[in-house]
Amino acid sequence: MCELGQVSRAGWYRQGGPRPAERDLKLRDEIQKIALEWPAYGSRRITAELRRRKGTVNRKHVQRLMREDNLLCLRKRKFVVTTDSDHGLRVYPNLARQMTLTGVDQLWRADITYVRLEVEFVYLAVILDAYSRRVIGWELDGTLEDSLTLAALRMALSRRTVMPELLVHHSDRGVQYASGDYTQLLKDHHIRISMSRKANPWDNAACESFMKTLKCEEVYRTEYRDQAEARLRIGEFIERVYNEKRLHSALDYRPPAEFERDLRAAQKKEAAARRLIA
């Protein structure tokens, strides 16, 4: 048949399957759906999401299709610092720099950012677990008083199990984190206190990275009418999107909640294996 048709054997078999352009149509459609849901995703995260849904996908091929379709991620705006470190309160040394993390609830990172409404600003305080990148505490309010950060800390404490003296809380030198009420609550739970070096935002880069993600993927895409709407939408992004769905490159392209579930499963398996040996 190949001789009669004057085609090569490979060419004959290729005719039985879809042509490259036809195969790309379905892939383009999947890419566009992901890009619509996650406008800030670049080719690496979109490839990772495709692999979770469809199996093996070549990143260079995804990158080429995104370039052809002009699927560029949103440009990130400049991050605005809200830290007020001009105070006479005690400043603590940076303990986080010396830590090598092996699990969750060893290091928490805290930070504050602003959110613009139609006629005013509100402020968001968050606490992240440094190992899993999961947001474990947050609060949104119209004040920069320490009541904002205290509410976020209380949420984190209600959700996690703290081992005395084994957990470090890291923040900038802002007055909200250096206040007597805030540091006392940490001490009451036997949490060690760590603060960034002066004028060095890189010391808390992981937390500021989350803030940039929040701004780019939620805040800059939404016009909030009032504080209640901002709380509802931002809370939904934190709990349902960032923690449960958004892929994180540092977690082997898994969402923080999934990473923690996998970690607990591995720990249970390891503990069971040790009991069998014993």
# chains A, B, ... in the order shown; residues from 1 in each chain; ligands from 1
call {"tool": "residues_around", "arguments": {"residues": "segment 213-225 of chain A", "least_positions_apart": "6", "cutoff": "7 Å", "atoms": "only C-alpha atoms", "output": "ChimeraX atom specification"}}
result
/A:39-40,76,117-118
call {"tool": "residues_around", "arguments": {"residues": "segment 55-61 of chain A", "least_positions_apart": "2", "cutoff": "10 Å", "atoms": "only C-alpha atoms", "output": "PDB file with N, CA and C atoms, in the first residue's frame"}}
result
ATOM      1  N   ASP A  24      -3.067  20.706  18.613  1.00  0.00           N
ATOM      2  CA  ASP A  24      -2.832  21.955  19.334  1.00  0.00           C
ATOM      3  C   ASP A  24      -4.121  22.673  19.701  1.00  0.00           C
ATOM      4  N   LEU A  27      -5.126  21.659  23.138  1.00  0.00           N
ATOM      5  CA  LEU A  27      -4.158  22.163  24.101  1.00  0.00           C
ATOM      6  C   LEU A  27      -4.298  23.674  24.268  1.00  0.00           C
ATOM      7  N   SER A  43       4.411  30.384  31.880  1.00  0.00           N
ATOM      8  CA  SER A  43       4.422  29.085  31.202  1.00  0.00           C
ATOM      9  C   SER A  43       4.747  27.943  32.159  1.00  0.00           C
ATOM     10  N   ARG A  44       5.577  28.184  33.182  1.00  0.00           N
ATOM     11  CA  ARG A  44       5.929  27.100  34.116  1.00  0.00           C
ATOM     12  C   ARG A  44       4.707  26.627  34.894  1.00  0.00           C
ATOM     13  N   ARG A  45       3.949  27.566  35.472  1.00  0.00           N
ATOM     14  CA  ARG A  45       2.791  27.156  36.257  1.00  0.00           C
ATOM     15  C   ARG A  45       1.678  26.602  35.375  1.00  0.00           C
ATOM     16  N   ILE A  46       1.498  27.171  34.199  1.00  0.00           N
ATOM     17  CA  ILE A  46       0.466  26.632  33.307  1.00  0.00           C
ATOM     18  C   ILE A  46       0.839  25.222  32.870  1.00  0.00           C
ATOM     19  N   THR A  47       2.118  24.977  32.600  1.00  0.00           N
ATOM     20  CA  THR A  47       2.558  23.622  32.252  1.00  0.00           C
ATOM     21  C   THR A  47       2.320  22.672  33.412  1.00  0.00           C
ATOM     22  N   ALA A  48       2.631  23.121  34.623  1.00  0.00           N
ATOM     23  CA  ALA A  48       2.413  22.279  35.803  1.00  0.00           C
ATOM     24  C   ALA A  48       0.935  21.953  35.975  1.00  0.00           C
ATOM     25  N   GLU A  49       0.065  22.941  35.764  1.00  0.00           N
ATOM     26  CA  GLU A  49      -1.374  22.702  35.891  1.00  0.00           C
ATOM     27  C   GLU A  49      -1.866  21.750  34.801  1.00  0.00           C
ATOM     28  N   LEU A  50      -1.355  21.895  33.577  1.00  0.00           N
ATOM     29  CA  LEU A  50      -1.725  20.983  32.488  1.00  0.00           C
ATOM     30  C   LEU A  50      -1.304  19.553  32.812  1.00  0.00           C
ATOM     31  N   ARG A  51      -0.131  19.387  33.392  1.00  0.00           N
ATOM     32  CA  ARG A  51       0.341  18.049  33.746  1.00  0.00           C
ATOM     33  C   ARG A  51      -0.539  17.420  34.815  1.00  0.00           C
ATOM     34  N   ARG A  52      -1.059  18.244  35.715  1.00  0.00           N
ATOM     35  CA  ARG A  52      -1.959  17.728  36.736  1.00  0.00           C
ATOM     36  C   ARG A  52      -3.285  17.277  36.117  1.00  0.00           C
ATOM     37  N   ARG A  53      -3.681  17.922  35.026  1.00  0.00           N
ATOM     38  CA  ARG A  53      -4.971  17.612  34.411  1.00  0.00           C
ATOM     39  C   ARG A  53      -4.864  16.573  33.293  1.00  0.00           C
ATOM     40  N   GLN A  63       4.931  27.080  26.014  1.00  0.00           N
ATOM     41  CA  GLN A  63       5.468  28.441  25.931  1.00  0.00           C
ATOM     42  C   GLN A  63       5.279  29.018  24.529  1.00  0.00           C
ATOM     43  N   ARG A  64       5.506  28.205  23.496  1.00  0.00           N
ATOM     44  CA  ARG A  64       5.344  28.674  22.124  1.00  0.00           C
ATOM     45  C   ARG A  64       3.884  29.022  21.840  1.00  0.00           C
ATOM     46  N   LEU A  65       2.967  28.157  22.276  1.00  0.00           N
ATOM     47  CA  LEU A  65       1.546  28.434  22.042  1.00  0.00           C
ATOM     48  C   LEU A  65       1.094  29.683  22.794  1.00  0.00           C
ATOM     49  N   MET A  66       1.591  29.870  24.014  1.00  0.00           N
ATOM     50  CA  MET A  66       1.235  31.071  24.768  1.00  0.00           C
ATOM     51  C   MET A  66       1.767  32.321  24.088  1.00  0.00           C
ATOM     52  N   ARG A  67       2.969  32.228  23.546  1.00  0.00           N
ATOM     53  CA  ARG A  67       3.544  33.373  22.850  1.00  0.00           C
ATOM     54  C   ARG A  67       2.738  33.700  21.600  1.00  0.00           C
TER      55      ARG A  67
END
call {"tool": "closest_residue", "arguments": {"among": "A:Val62, A:Val241, A:Asn94, A:Asp203", "to": "Arg28 of chain A", "atoms": "only C-alpha atoms"}}
result
A:Val62
call {"tool": "atom_distance", "arguments": {"atom1": "atom CA of Met163 of chain A", "atom2": "atom CA of Leu124 of chain A"}}
result
26.8 Å
call {"tool": "closest_residue", "arguments": {"among": "A:Ala250, A:Val122, A:Ala178, A:Met211", "to": "Ser196 of chain A", "atoms": "only C-alpha atoms"}}
result
A:Ala178
call {"tool": "atom_distance", "arguments": {"atom1": "atom CA of Asp111 of chain A", "atom2": "atom CA of Phe237 of chain A"}}
result
17.1 Å
call {"tool": "select_by_dssp", "arguments": {"residues": "segment 156-188 of chain A", "states": "strand (DSSP E)", "output": "MDAnalysis selection string"}}
result
chainID A and resid 168:171
call {"tool": "atom_distance", "arguments": {"atom1": "atom CA of Gly180 of chain A", "atom2": "atom CA of Gly235 of chain A"}}
result
27.8 Å
call {"tool": "closest_residue", "arguments": {"among": "A:Arg160, A:Leu167, A:Cys207, A:Arg173", "to": "Lys187 of chain A", "atoms": "only C-alpha atoms"}}
result
A:Leu167
call {"tool": "closest_atom_pairs", "arguments": {"of": "segment 95-140 of chain A", "to": "segment 255-270 of chain A", "cutoff": "7 Å", "atoms": "only C-alpha atoms", "output": "tab-separated table"}}
result
residue	atom	partner	partner_atom	distance
A:Ser132	CA	A:Pro256	CA	5.4
A:Arg133	CA	A:Pro256	CA	5.8
A:Arg134	CA	A:Pro256	CA	5.1
call {"tool": "write_last_selection", "arguments": {"atoms": "C-alpha atoms", "output": "CSV table (one decimal), in the first residue's frame"}}
result
chain,number,residue,atom,x,y,z
A,132,SER,CA,4.1,25.1,53.5
A,133,ARG,CA,3.5,28.7,52.4
A,134,ARG,CA,-0.1,28.3,53.7
